[in-house]
$ cat upload_15.cif   # mmCIF, C-alpha atoms and all ligand atoms
data_entry
#
loop_
_atom_site.group_PDB
_atom_site.id
_atom_site.type_symbol
_atom_site.label_atom_id
_atom_site.label_comp_id
_atom_site.auth_asym_id
_atom_site.auth_seq_id
_atom_site.Cartn_x
_atom_site.Cartn_y
_atom_site.Cartn_z
ATOM 1 C CA MET A 1 1.418 35.458 -15.516
ATOM 2 C CA GLN A 2 -0.760 33.152 -13.438
ATOM 3 C CA ALA A 3 -0.962 29.634 -14.764
ATOM 4 C CA GLU A 4 -4.269 27.997 -15.558
ATOM 5 C CA ILE A 5 -4.891 25.384 -12.887
ATOM 6 C CA LEU A 6 -5.733 21.984 -14.369
ATOM 7 C CA ASP A 7 -8.525 20.808 -12.109
ATOM 8 C CA GLY A 8 -8.275 17.024 -11.910
ATOM 9 C CA VAL A 9 -11.272 16.838 -9.594
ATOM 10 C CA GLN A 10 -13.592 18.456 -12.125
ATOM 11 C CA MET A 11 -12.151 16.529 -15.078
ATOM 12 C CA SER A 12 -12.533 13.248 -13.223
ATOM 13 C CA ARG A 13 -16.144 14.121 -12.326
ATOM 14 C CA ASP A 14 -16.904 14.570 -16.019
ATOM 15 C CA ILE A 15 -15.320 11.202 -16.837
ATOM 16 C CA LEU A 16 -17.153 9.438 -13.999
ATOM 17 C CA ALA A 17 -20.480 10.911 -15.142
ATOM 18 C CA GLY A 18 -19.927 9.300 -18.565
ATOM 19 C CA LEU A 19 -18.985 6.006 -16.917
ATOM 20 C CA LYS A 20 -22.143 6.045 -14.815
ATOM 21 C CA GLU A 21 -24.154 5.985 -18.025
ATOM 22 C CA GLN A 22 -22.121 3.046 -19.279
ATOM 23 C CA VAL A 23 -22.700 1.154 -16.037
ATOM 24 C CA ALA A 24 -26.448 1.686 -16.499
ATOM 25 C CA ALA A 25 -26.191 0.468 -20.105
ATOM 26 C CA LEU A 26 -24.253 -2.635 -19.020
ATOM 27 C CA LYS A 27 -26.820 -3.423 -16.345
ATOM 28 C CA ALA A 28 -29.687 -2.955 -18.763
ATOM 29 C CA ARG A 29 -28.119 -5.207 -21.379
ATOM 30 C CA TYR A 30 -26.382 -7.879 -19.290
ATOM 31 C CA GLY A 31 -28.001 -7.626 -15.871
ATOM 32 C CA ARG A 32 -24.878 -6.909 -13.909
ATOM 33 C CA ALA A 33 -22.498 -4.094 -13.022
ATOM 34 C CA PRO A 34 -18.713 -4.070 -13.567
ATOM 35 C CA GLY A 35 -16.973 -6.025 -10.809
ATOM 36 C CA LEU A 36 -13.769 -4.768 -9.178
ATOM 37 C CA ALA A 37 -11.733 -6.599 -6.537
ATOM 38 C CA THR A 38 -9.297 -4.401 -4.610
ATOM 39 C CA ILE A 39 -6.639 -6.060 -2.530
ATOM 40 C CA LEU A 40 -4.751 -4.107 0.127
ATOM 41 C CA VAL A 41 -1.870 -5.701 2.014
ATOM 42 C CA GLY A 42 -0.631 -4.067 5.218
ATOM 43 C CA GLU A 43 -1.409 -0.648 6.625
ATOM 44 C CA ASP A 44 0.794 1.806 4.759
ATOM 45 C CA PRO A 45 -1.134 5.078 5.255
ATOM 46 C CA ALA A 46 -0.732 6.239 1.659
ATOM 47 C CA SER A 47 -1.924 2.874 0.311
ATOM 48 C CA VAL A 48 -4.874 2.816 2.729
ATOM 49 C CA SER A 49 -5.856 6.306 1.575
ATOM 50 C CA TYR A 50 -5.547 5.436 -2.155
ATOM 51 C CA VAL A 51 -7.538 2.220 -1.802
ATOM 52 C CA THR A 52 -10.224 3.939 0.268
ATOM 53 C CA ARG A 53 -10.714 6.489 -2.497
ATOM 54 C CA LYS A 54 -10.761 3.822 -5.220
ATOM 55 C CA VAL A 55 -13.350 1.760 -3.325
ATOM 56 C CA ARG A 56 -15.504 4.823 -2.632
ATOM 57 C CA THR A 57 -15.477 5.798 -6.298
ATOM 58 C CA ALA A 58 -16.334 2.248 -7.402
ATOM 59 C CA LEU A 59 -19.266 2.214 -4.963
ATOM 60 C CA ASP A 60 -20.437 5.634 -6.205
ATOM 61 C CA LEU A 61 -20.517 4.154 -9.700
ATOM 62 C CA GLU A 62 -22.510 1.205 -8.315
ATOM 63 C CA PHE A 63 -19.893 -1.343 -9.283
ATOM 64 C CA HIS A 64 -19.910 -4.759 -7.681
ATOM 65 C CA GLU A 65 -16.957 -3.942 -5.406
ATOM 66 C CA VAL A 66 -15.127 -6.503 -3.292
ATOM 67 C CA GLN A 67 -12.537 -5.213 -0.879
ATOM 68 C CA GLU A 68 -9.940 -7.564 0.556
ATOM 69 C CA THR A 69 -7.518 -6.401 3.240
ATOM 70 C CA ARG A 70 -4.755 -8.640 4.482
ATOM 71 C CA PRO A 71 -2.023 -8.186 7.116
ATOM 72 C CA ALA A 72 1.527 -7.433 5.982
ATOM 73 C CA ALA A 73 2.460 -10.911 7.255
ATOM 74 C CA ILE A 74 0.450 -12.636 4.500
ATOM 75 C CA THR A 75 2.593 -15.105 2.564
ATOM 76 C CA GLN A 76 3.153 -14.846 -1.166
ATOM 77 C CA GLU A 77 1.312 -18.148 -1.688
ATOM 78 C CA GLU A 78 -1.740 -16.872 0.207
ATOM 79 C CA LEU A 79 -1.777 -13.677 -1.825
ATOM 80 C CA LEU A 80 -1.378 -15.595 -5.084
ATOM 81 C CA SER A 81 -4.303 -17.832 -4.212
ATOM 82 C CA LEU A 82 -6.450 -14.772 -3.377
ATOM 83 C CA VAL A 83 -5.628 -13.330 -6.800
ATOM 84 C CA GLU A 84 -6.469 -16.669 -8.396
ATOM 85 C CA ARG A 85 -9.856 -16.704 -6.664
ATOM 86 C CA TYR A 86 -10.773 -13.466 -8.447
ATOM 87 C CA ASN A 87 -9.224 -14.593 -11.725
ATOM 88 C CA GLN A 88 -11.805 -17.396 -11.624
ATOM 89 C CA ASP A 89 -14.753 -15.259 -10.420
ATOM 90 C CA PRO A 90 -17.067 -14.459 -13.343
ATOM 91 C CA GLN A 91 -18.578 -11.489 -11.460
ATOM 92 C CA ILE A 92 -15.175 -9.789 -11.286
ATOM 93 C CA ASP A 93 -13.844 -7.870 -14.299
ATOM 94 C CA GLY A 94 -10.914 -6.096 -12.702
ATOM 95 C CA ILE A 95 -8.369 -6.966 -10.002
ATOM 96 C CA LEU A 96 -6.265 -4.342 -8.298
ATOM 97 C CA VAL A 97 -3.458 -5.231 -5.899
ATOM 98 C CA GLN A 98 -2.279 -1.994 -4.326
ATOM 99 C CA LEU A 99 1.494 -1.504 -4.555
ATOM 100 C CA PRO A 100 3.965 -1.429 -2.943
ATOM 101 C CA LEU A 101 3.758 -4.851 -1.329
ATOM 102 C CA PRO A 102 5.789 -5.893 1.734
ATOM 103 C CA ALA A 103 9.419 -6.751 0.956
ATOM 104 C CA SER A 104 8.758 -10.448 1.719
ATOM 105 C CA ILE A 105 6.535 -10.690 -1.377
ATOM 106 C CA CYS A 106 7.757 -10.598 -4.959
ATOM 107 C CA GLU A 107 5.670 -7.860 -6.571
ATOM 108 C CA GLN A 108 6.350 -9.109 -10.068
ATOM 109 C CA ALA A 109 5.106 -12.605 -9.202
ATOM 110 C CA VAL A 110 1.825 -11.140 -7.951
ATOM 111 C CA VAL A 111 1.385 -8.809 -10.921
ATOM 112 C CA ARG A 112 2.056 -11.708 -13.321
ATOM 113 C CA ALA A 113 -0.488 -13.875 -11.505
ATOM 114 C CA ILE A 114 -3.321 -11.492 -12.418
ATOM 115 C CA ASP A 115 -5.248 -12.533 -15.518
ATOM 116 C CA PRO A 116 -4.126 -9.908 -18.112
ATOM 117 C CA GLY A 117 -7.794 -9.500 -19.106
ATOM 118 C CA LYS A 118 -8.560 -8.403 -15.521
ATOM 119 C CA ASP A 119 -5.391 -6.343 -15.027
ATOM 120 C CA VAL A 120 -7.142 -2.952 -14.913
ATOM 121 C CA ASP A 121 -3.955 -1.376 -13.508
ATOM 122 C CA GLY A 122 -2.201 -2.215 -16.770
ATOM 123 C CA PHE A 123 0.898 -3.515 -14.950
ATOM 124 C CA HIS A 124 0.978 -7.067 -16.369
ATOM 125 C CA PRO A 125 3.802 -7.619 -18.910
ATOM 126 C CA VAL A 126 1.190 -8.613 -21.521
ATOM 127 C CA ASN A 127 -0.553 -5.233 -21.188
ATOM 128 C CA LEU A 128 2.695 -3.267 -20.967
ATOM 129 C CA GLY A 129 4.004 -5.147 -24.003
ATOM 130 C CA GLN A 130 0.902 -4.377 -26.046
ATOM 131 C CA MET A 131 1.080 -0.741 -24.981
ATOM 132 C CA MET A 132 4.695 -0.654 -26.232
ATOM 133 C CA GLN A 133 3.452 -2.068 -29.540
ATOM 134 C CA GLY A 134 0.903 0.733 -29.746
ATOM 135 C CA LEU A 135 -2.035 -1.701 -29.438
ATOM 136 C CA ARG A 136 -3.971 0.589 -27.195
ATOM 137 C CA GLU A 137 -7.379 -0.780 -28.092
ATOM 138 C CA SER A 138 -6.555 -4.299 -26.945
ATOM 139 C CA CYS A 139 -4.703 -3.575 -23.703
ATOM 140 C CA TYR A 140 -5.150 -1.759 -20.410
ATOM 141 C CA VAL A 141 -2.979 1.343 -20.168
ATOM 142 C CA PRO A 142 -1.561 2.124 -16.679
ATOM 143 C CA CYS A 143 -3.913 4.554 -14.938
ATOM 144 C CA THR A 144 -1.617 7.448 -14.013
ATOM 145 C CA PRO A 145 -0.031 7.743 -17.487
ATOM 146 C CA ALA A 146 -3.489 7.451 -19.082
ATOM 147 C CA GLY A 147 -4.806 10.118 -16.681
ATOM 148 C CA ILE A 148 -1.952 12.480 -17.547
ATOM 149 C CA GLN A 149 -2.620 12.066 -21.255
ATOM 150 C CA GLU A 150 -6.328 12.660 -20.704
ATOM 151 C CA MET A 151 -5.552 15.887 -18.804
ATOM 152 C CA LEU A 152 -3.399 17.119 -21.666
ATOM 153 C CA VAL A 153 -6.155 16.412 -24.190
ATOM 154 C CA ARG A 154 -8.944 17.906 -22.078
ATOM 155 C CA SER A 155 -6.950 21.061 -21.331
ATOM 156 C CA GLY A 156 -6.240 21.620 -25.017
ATOM 157 C CA THR A 157 -2.485 21.286 -24.521
ATOM 158 C CA VAL A 158 -0.789 20.720 -27.874
ATOM 159 C CA THR A 159 1.273 17.544 -27.684
ATOM 160 C CA ASP A 160 1.916 17.124 -31.393
ATOM 161 C CA GLY A 161 5.590 17.969 -31.944
ATOM 162 C CA ALA A 162 5.924 19.260 -28.376
ATOM 163 C CA GLU A 163 9.089 18.814 -26.342
ATOM 164 C CA VAL A 164 8.076 16.653 -23.395
ATOM 165 C CA VAL A 165 10.424 16.040 -20.489
ATOM 166 C CA VAL A 166 9.503 13.297 -18.018
ATOM 167 C CA VAL A 167 11.338 13.405 -14.689
ATOM 168 C CA GLY A 168 11.489 9.932 -13.118
ATOM 169 C CA ARG A 169 11.705 6.473 -14.662
ATOM 170 C CA SER A 170 9.371 4.378 -12.515
ATOM 171 C CA ALA A 171 7.701 1.377 -14.132
ATOM 172 C CA ILE A 172 4.280 2.706 -13.075
ATOM 173 C CA VAL A 173 4.506 6.315 -14.264
ATOM 174 C CA GLY A 174 7.699 7.671 -15.839
ATOM 175 C CA ARG A 175 8.541 4.951 -18.347
ATOM 176 C CA PRO A 176 4.988 4.242 -19.568
ATOM 177 C CA VAL A 177 4.046 7.926 -19.901
ATOM 178 C CA ALA A 178 7.215 8.535 -21.913
ATOM 179 C CA VAL A 179 6.244 5.689 -24.267
ATOM 180 C CA LEU A 180 2.623 6.860 -24.585
ATOM 181 C CA LEU A 181 3.444 10.457 -25.431
ATOM 182 C CA GLY A 182 6.053 9.426 -27.982
ATOM 183 C CA GLN A 183 3.572 7.296 -29.931
ATOM 184 C CA LYS A 184 1.510 8.473 -32.864
ATOM 185 C CA GLY A 185 -1.998 9.631 -32.104
ATOM 186 C CA PRO A 186 -4.049 12.286 -30.333
ATOM 187 C CA GLY A 187 -2.583 13.498 -27.042
ATOM 188 C CA ALA A 188 0.786 12.152 -28.150
ATOM 189 C CA ASN A 189 3.220 12.504 -31.096
ATOM 190 C CA SER A 190 5.665 14.381 -28.862
ATOM 191 C CA THR A 191 9.454 14.404 -28.698
ATOM 192 C CA VAL A 192 10.112 12.828 -25.317
ATOM 193 C CA THR A 193 13.147 12.998 -23.052
ATOM 194 C CA LEU A 194 13.178 10.794 -19.953
ATOM 195 C CA VAL A 195 15.441 12.137 -17.218
ATOM 196 C CA HIS A 196 16.363 10.485 -13.929
ATOM 197 C CA THR A 197 18.783 10.459 -11.022
ATOM 198 C CA ALA A 198 21.820 9.832 -13.257
ATOM 199 C CA THR A 199 20.968 12.649 -15.684
ATOM 200 C CA ARG A 200 23.496 15.441 -15.954
ATOM 201 C CA ASP A 201 22.059 18.972 -16.075
ATOM 202 C CA LEU A 202 18.572 17.991 -15.009
ATOM 203 C CA ALA A 203 17.466 21.609 -14.840
ATOM 204 C CA ASP A 204 18.652 22.324 -18.388
ATOM 205 C CA HIS A 205 16.564 19.467 -19.779
ATOM 206 C CA CYS A 206 13.512 20.688 -17.890
ATOM 207 C CA ARG A 207 13.946 24.244 -19.215
ATOM 208 C CA ARG A 208 13.470 22.948 -22.775
ATOM 209 C CA ALA A 209 10.131 21.326 -21.983
ATOM 210 C CA ASP A 210 6.864 22.551 -23.458
ATOM 211 C CA ILE A 211 5.300 19.882 -21.260
ATOM 212 C CA LEU A 212 7.070 18.941 -18.029
ATOM 213 C CA ILE A 213 5.870 15.777 -16.286
ATOM 214 C CA VAL A 214 7.387 15.259 -12.855
ATOM 215 C CA ALA A 215 7.150 11.913 -11.087
ATOM 216 C CA ALA A 216 10.270 11.834 -8.946
ATOM 217 C CA GLY A 217 8.863 11.569 -5.427
ATOM 218 C CA VAL A 218 11.032 14.457 -4.204
ATOM 219 C CA PRO A 219 9.036 17.325 -2.692
ATOM 220 C CA GLY A 220 9.726 20.679 -4.352
ATOM 221 C CA LEU A 221 12.404 19.196 -6.656
ATOM 222 C CA VAL A 222 11.425 21.368 -9.624
ATOM 223 C CA ARG A 223 12.259 25.000 -8.985
ATOM 224 C CA PRO A 224 10.463 27.763 -10.876
ATOM 225 C CA ASP A 225 13.542 28.643 -12.946
ATOM 226 C CA TRP A 226 13.497 25.057 -14.345
ATOM 227 C CA ILE A 227 10.211 25.858 -16.064
ATOM 228 C CA LYS A 228 10.017 27.343 -19.542
ATOM 229 C CA PRO A 229 7.633 30.322 -19.370
ATOM 230 C CA GLY A 230 4.186 29.210 -20.505
ATOM 231 C CA ALA A 231 4.945 25.470 -20.225
ATOM 232 C CA THR A 232 2.386 22.905 -19.078
ATOM 233 C CA VAL A 233 3.522 21.334 -15.800
ATOM 234 C CA ILE A 234 2.083 18.006 -14.652
ATOM 235 C CA ASP A 235 3.027 17.206 -11.063
ATOM 236 C CA VAL A 236 2.611 13.529 -10.201
ATOM 237 C CA GLY A 237 4.370 13.755 -6.825
ATOM 238 C CA VAL A 238 2.320 13.015 -3.730
ATOM 239 C CA ASN A 239 4.652 13.595 -0.811
ATOM 240 C CA ARG A 240 3.533 13.510 2.805
ATOM 241 C CA VAL A 241 5.317 16.513 4.274
ATOM 242 C CA GLY A 242 3.592 16.734 7.647
ATOM 243 C CA THR A 243 0.271 16.524 9.412
ATOM 244 C CA HIS A 244 -2.490 19.081 9.484
ATOM 245 C CA GLU A 245 -2.556 20.523 13.025
ATOM 246 C CA ARG A 246 -6.319 20.627 13.442
ATOM 247 C CA THR A 247 -7.598 17.671 11.391
ATOM 248 C CA GLY A 248 -4.624 15.329 11.842
ATOM 249 C CA LYS A 249 -4.751 14.618 8.104
ATOM 250 C CA ALA A 250 -1.577 14.265 6.041
ATOM 251 C CA LEU A 251 -0.263 17.446 4.436
ATOM 252 C CA LEU A 252 0.575 16.689 0.832
ATOM 253 C CA SER A 253 3.053 18.413 -1.428
ATOM 254 C CA GLY A 254 4.022 17.764 -5.028
ATOM 255 C CA ASP A 255 7.426 17.495 -6.707
ATOM 256 C CA VAL A 256 7.090 21.051 -8.024
ATOM 257 C CA ALA A 257 7.401 24.245 -5.951
ATOM 258 C CA PHE A 258 3.804 25.093 -6.816
ATOM 259 C CA ASP A 259 3.332 28.642 -5.500
ATOM 260 C CA GLU A 260 6.294 29.983 -7.454
ATOM 261 C CA ALA A 261 5.887 27.680 -10.454
ATOM 262 C CA ARG A 262 2.341 28.881 -11.093
ATOM 263 C CA LEU A 263 3.717 32.365 -11.784
ATOM 264 C CA ARG A 264 5.788 30.990 -14.662
ATOM 265 C CA ALA A 265 3.924 28.022 -16.106
ATOM 266 C CA GLY A 266 1.075 28.336 -18.585
ATOM 267 C CA ARG A 267 -0.853 25.449 -17.063
ATOM 268 C CA ILE A 268 -0.152 23.476 -13.906
ATOM 269 C CA THR A 269 -1.710 20.654 -11.903
ATOM 270 C CA PRO A 270 -2.205 21.123 -8.152
ATOM 271 C CA VAL A 271 -1.375 18.550 -5.465
ATOM 272 C CA PRO A 272 -3.764 17.338 -4.239
ATOM 273 C CA GLY A 273 -6.555 17.648 -6.813
ATOM 274 C CA GLY A 274 -4.562 17.198 -10.013
ATOM 275 C CA VAL A 275 -3.318 13.870 -11.339
ATOM 276 C CA GLY A 276 -4.567 11.798 -8.357
ATOM 277 C CA PRO A 277 -8.299 11.944 -9.148
ATOM 278 C CA MET A 278 -7.531 11.274 -12.821
ATOM 279 C CA THR A 279 -5.688 8.064 -11.897
ATOM 280 C CA ILE A 280 -8.799 6.850 -10.108
ATOM 281 C CA ALA A 281 -11.049 7.859 -13.014
ATOM 282 C CA MET A 282 -8.839 5.874 -15.420
ATOM 283 C CA LEU A 283 -9.015 2.832 -13.151
ATOM 284 C CA MET A 284 -12.800 3.026 -13.289
ATOM 285 C CA LYS A 285 -12.684 3.490 -17.061
ATOM 286 C CA ASN A 286 -10.458 0.417 -17.467
ATOM 287 C CA THR A 287 -12.834 -1.593 -15.274
ATOM 288 C CA VAL A 288 -15.888 -0.575 -17.311
ATOM 289 C CA GLN A 289 -13.970 -1.458 -20.477
ATOM 290 C CA ALA A 290 -13.053 -4.844 -18.959
ATOM 291 C CA ALA A 291 -16.717 -5.493 -18.187
ATOM 292 C CA TRP A 292 -17.763 -4.714 -21.773
ATOM 293 C CA ARG A 293 -15.038 -7.001 -23.090
ATOM 294 C CA HIS A 294 -15.981 -9.866 -20.768
ATOM 295 C CA LEU A 295 -19.696 -9.573 -21.343
ATOM 296 C CA GLU A 296 -19.506 -9.137 -25.089
ATOM 297 C CA SER A 297 -17.064 -12.015 -25.650
HETATM 298 N N1 LIG A 301 0.641 2.308 -6.117
HETATM 299 C C1 LIG A 301 0.841 3.556 -6.566
HETATM 300 N N2 LIG A 301 0.087 3.797 -7.661
HETATM 301 C C2 LIG A 301 -0.598 2.670 -7.899
HETATM 302 C C3 LIG A 301 -1.562 2.301 -8.887
HETATM 303 O O1 LIG A 301 -1.927 3.067 -9.792
HETATM 304 N N3 LIG A 301 -2.041 1.032 -8.784
HETATM 305 C C4 LIG A 301 -1.640 0.166 -7.816
HETATM 306 N N4 LIG A 301 -2.152 -1.067 -7.810
HETATM 307 N N5 LIG A 301 -0.743 0.470 -6.893
HETATM 308 C C5 LIG A 301 -0.238 1.721 -6.934
#
$ encode --input "upload_15.cif" --output "structure tokens" --more "lines below"
Ligand code: GUN
Amino acid sequence: MQAEILDGVQMSRDILAGLKEQVAALKARYGRAPGLATILVGEDPASVSYVTRKVRTALDLEFHEVQETRPAAITQEELLSLVERYNQDPQIDGILVQLPLPASICEQAVVRAIDPGKDVDGFHPVNLGQMMQGLRESCYVPCTPAGIQEMLVRSGTVTDGAEVVVVGRSAIVGRPVAVLLGQKGPGANSTVTLVHTATRDLADHCRRADILIVAAGVPGLVRPDWIKPGATVIDVGVNRVGTHERTGKALLSGDVAFDEARLRAGRITPVPGGVGPMTIAMLMKNTVQAAWRHLES
């Protein structure tokens, strides 16, 4: 069996095409585009690459995009006042501070400083709390979990009653996606197990999964014999495993041994080109939603 490849690039293109129409509608009705401020601190290559792609996508959608880059030596107070500037800016609907931040800065203090109504990453405790309460319509859902759920829906993967195993308990991916898929509603209603570094018999849990979501940050962690034949495998890992000889670009690998896993899974996401583009599409969707909310209120 060869698994169906879930093409995140194509799915995200479809989503962005719909958003482009909404941007046009916003401009026609209110005379301005959604505004997104992206803040990058330091020069971590992965963060630079993520932010570059987010900015490019925002510009493609003709957002009002403001990009702020600051050295890793920025103080927490300086960063907080930059965030506050965009909290107060009526042209800005969404604020994104790329994580991780340097160790000298308290990430939680920065995330909490963002106006929850502009927190298009969905990391503020107000948004996470509302997501936990199932108040999806009034909050911003974190982009990677939302992108994973969207991929499941668009690929026709049955989540209702499915055994879902999530590998990894990060605050950005593992924990929120486990909550989302366990809630009632389309693309959810699953029985979710969250496994992590202290889990005994990790492989045994994975073998029970109809849907296996892996966000561990360990290249090739999931071996093919951990996969139930026919399962849907969502690989969130983006691991830099080397450099391309000719282009000098980073060679990326997921958390799943892809070449072997695709012979066993029913559906599988590639790395790159799977979850990554969907995360960006969900960020754009949250920003368009923020603009509607701000302009209609
Ligand atoms: N770092 C890794 N993923 C993300 C994300 O989705 N948003 C932000 N702000 N930082 C990240």
$ resolve_selection --input "upload_15.cif" --expression "the PyMOL selection byres (((not hetatm)) within 9 of (chain A and resi 301))" --output "MDAnalysis selection string"
chainID A and resid 38:40 46:47 50:51 95:101 120:123 142:144 172:173 279:280 283
$ residues_around --input "upload_15.cif" --residues "A:Arg13" --least-positions-apart "2" --cutoff "12 Å" --atoms "all atoms listed in the file" --output "ChimeraX atom specification"
/A:7-11,15-20,57,60-61,273,277-278,280-282,284
$ resolve_selection --input "upload_15.cif" --expression "the PyMOL selection byres (((chain A and resi 263) around 8) and not hetatm)" --output "short mmCIF file (atom, residue, chain, number, x, y, z; two decimals) with C-alpha atoms, keeping the file's coordinate frame"
data_model
loop_
_atom_site.label_atom_id
_atom_site.label_comp_id
_atom_site.auth_asym_id
_atom_site.auth_seq_id
_atom_site.Cartn_x
_atom_site.Cartn_y
_atom_site.Cartn_z
CA MET A 1 1.42 35.46 -15.52
CA GLN A 2 -0.76 33.15 -13.44
CA ALA A 3 -0.96 29.63 -14.76
CA ASP A 259 3.33 28.64 -5.50
CA GLU A 260 6.29 29.98 -7.45
CA ALA A 261 5.89 27.68 -10.45
CA ARG A 262 2.34 28.88 -11.09
CA ARG A 264 5.79 30.99 -14.66
CA ALA A 265 3.92 28.02 -16.11
#
$ resolve_selection --input "upload_15.cif" --expression "the PyMOL selection byres (((chain A and resi 179) around 10) and not hetatm)" --output "PyMOL selection string"
chain A and resi 131-134+145+174-178+180-183+188+190+192+194
$ residues_around --input "upload_15.cif" --residues "A:Gly266" --least-positions-apart "5" --cutoff "7 Å" --atoms "all atoms listed in the file" --output "ChimeraX atom specification"
/A:3-4,229-232
$ closest_residue --input "upload_15.cif" --among "A:Thr197, A:Ser170, A:Ser297, A:Ser155" --to "A:Thr269" --atoms "all atoms listed in the file"
A:Ser155
$ closest_atom_pairs --input "upload_15.cif" --of "stretch 8-75 of chain A" --to "stretch 114-119 of chain A" --cutoff "10 Å" --atoms "all atoms listed in the file" --output "tab-separated table"
residue	atom	partner	partner_atom	distance
A:Gly35	CA	A:Lys118	CA	9.9
A:Leu36	CA	A:Lys118	CA	9.0
A:Ala37	CA	A:Lys118	CA	9.7
$ residues_around --input "upload_15.cif" --residues "A:Gln91" --least-positions-apart "5" --cutoff "10 Å" --atoms "all atoms listed in the file" --output "ChimeraX atom specification"
/A:32-37,64-65,86,291,294
$ closest_residue --input "upload_15.cif" --among "A:Gln22, A:Gln67, A:Ser49, A:Gln149" --to "A:Asn189" --atoms "only C-alpha atoms"
A:Gln149
$ closest_residue --input "upload_15.cif" --among "A:Gly187, A:Gly254, A:Gly31, A:Pro102" --to "A:Met151" --atoms "all atoms listed in the file"
A:Gly187
$ axis_aligned_box --input "upload_15.cif" --around "stretch 136-152 of chain A" --padding-each-side "6 Å" --output "JSON"
{"center_x": -3.7, "center_y": 6.4, "center_z": -21.1, "size_x": 19.3, "size_y": 33.4, "size_z": 26.1}
$ atom_distance --input "upload_15.cif" --atom1 "atom CA of A:Asn286" --atom2 "atom CA of A:Gly94"
8.1 Å
$ closest_residue --input "upload_15.cif" --among "A:Leu252, A:Ile105, A:Leu59, A:Ala146" --to "A:Ala72" --atoms "all atoms listed in the file"
A:Ile105
$ atom_distance --input "upload_15.cif" --atom1 "atom CA of A:Asp160" --atom2 "atom CA of A:Leu128"
22.9 Å
$ atom_distance --input "upload_15.cif" --atom1 "atom CA of A:Val233" --atom2 "atom CA of A:Arg53"
24.5 Å
$ closest_residue --input "upload_15.cif" --among "A:Trp292, A:Val141, A:Ala209, A:Leu202" --to "A:Gly129" --atoms "all atoms listed in the file"
A:Val141
$ build_atoms --input "upload_15.cif" --residues "stretch 31-46 of chain A" --atoms "N, CA and C atoms" --output "PDB file, keeping the file's coordinate frame"
ATOM      1  N   GLY A  31     -27.486  -7.304 -17.200  1.00  0.00           N
ATOM      2  CA  GLY A  31     -28.001  -7.626 -15.871  1.00  0.00           C
ATOM      3  C   GLY A  31     -26.986  -7.602 -14.757  1.00  0.00           C
ATOM      4  N   ARG A  32     -25.817  -7.069 -15.029  1.00  0.00           N
ATOM      5  CA  ARG A  32     -24.878  -6.909 -13.909  1.00  0.00           C
ATOM      6  C   ARG A  32     -23.940  -5.725 -14.125  1.00  0.00           C
ATOM      7  N   ALA A  33     -23.404  -5.247 -12.993  1.00  0.00           N
ATOM      8  CA  ALA A  33     -22.498  -4.094 -13.022  1.00  0.00           C
ATOM      9  C   ALA A  33     -21.057  -4.586 -13.196  1.00  0.00           C
ATOM     10  N   PRO A  34     -20.133  -3.678 -13.549  1.00  0.00           N
ATOM     11  CA  PRO A  34     -18.713  -4.070 -13.567  1.00  0.00           C
ATOM     12  C   PRO A  34     -18.289  -4.514 -12.163  1.00  0.00           C
ATOM     13  N   GLY A  35     -17.442  -5.524 -12.099  1.00  0.00           N
ATOM     14  CA  GLY A  35     -16.973  -6.025 -10.809  1.00  0.00           C
ATOM     15  C   GLY A  35     -15.496  -5.708 -10.618  1.00  0.00           C
ATOM     16  N   LEU A  36     -15.176  -5.121  -9.474  1.00  0.00           N
ATOM     17  CA  LEU A  36     -13.769  -4.768  -9.178  1.00  0.00           C
ATOM     18  C   LEU A  36     -13.373  -5.356  -7.825  1.00  0.00           C
ATOM     19  N   ALA A  37     -12.280  -6.102  -7.804  1.00  0.00           N
ATOM     20  CA  ALA A  37     -11.733  -6.599  -6.537  1.00  0.00           C
ATOM     21  C   ALA A  37     -10.490  -5.790  -6.199  1.00  0.00           C
ATOM     22  N   THR A  38     -10.488  -5.150  -5.031  1.00  0.00           N
ATOM     23  CA  THR A  38      -9.297  -4.401  -4.610  1.00  0.00           C
ATOM     24  C   THR A  38      -8.650  -5.142  -3.444  1.00  0.00           C
ATOM     25  N   ILE A  39      -7.369  -5.306  -3.554  1.00  0.00           N
ATOM     26  CA  ILE A  39      -6.639  -6.060  -2.530  1.00  0.00           C
ATOM     27  C   ILE A  39      -5.578  -5.151  -1.916  1.00  0.00           C
ATOM     28  N   LEU A  40      -5.699  -4.957  -0.603  1.00  0.00           N
ATOM     29  CA  LEU A  40      -4.751  -4.107   0.127  1.00  0.00           C
ATOM     30  C   LEU A  40      -4.010  -4.980   1.132  1.00  0.00           C
ATOM     31  N   VAL A  41      -2.681  -4.923   1.076  1.00  0.00           N
ATOM     32  CA  VAL A  41      -1.870  -5.701   2.014  1.00  0.00           C
ATOM     33  C   VAL A  41      -1.140  -4.726   2.937  1.00  0.00           C
ATOM     34  N   GLY A  42      -1.314  -4.916   4.244  1.00  0.00           N
ATOM     35  CA  GLY A  42      -0.631  -4.067   5.218  1.00  0.00           C
ATOM     36  C   GLY A  42      -1.382  -2.779   5.470  1.00  0.00           C
ATOM     37  N   GLU A  43      -0.723  -1.860   6.170  1.00  0.00           N
ATOM     38  CA  GLU A  43      -1.409  -0.648   6.625  1.00  0.00           C
ATOM     39  C   GLU A  43      -0.656   0.632   6.263  1.00  0.00           C
ATOM     40  N   ASP A  44       0.101   0.592   5.189  1.00  0.00           N
ATOM     41  CA  ASP A  44       0.794   1.806   4.759  1.00  0.00           C
ATOM     42  C   ASP A  44      -0.243   2.918   4.570  1.00  0.00           C
ATOM     43  N   PRO A  45      -0.079   4.051   5.286  1.00  0.00           N
ATOM     44  CA  PRO A  45      -1.134   5.078   5.255  1.00  0.00           C
ATOM     45  C   PRO A  45      -1.461   5.585   3.853  1.00  0.00           C
ATOM     46  N   ALA A  46      -0.457   5.746   3.017  1.00  0.00           N
ATOM     47  CA  ALA A  46      -0.732   6.239   1.659  1.00  0.00           C
ATOM     48  C   ALA A  46      -1.559   5.211   0.893  1.00  0.00           C
TER      49      ALA A  46
END
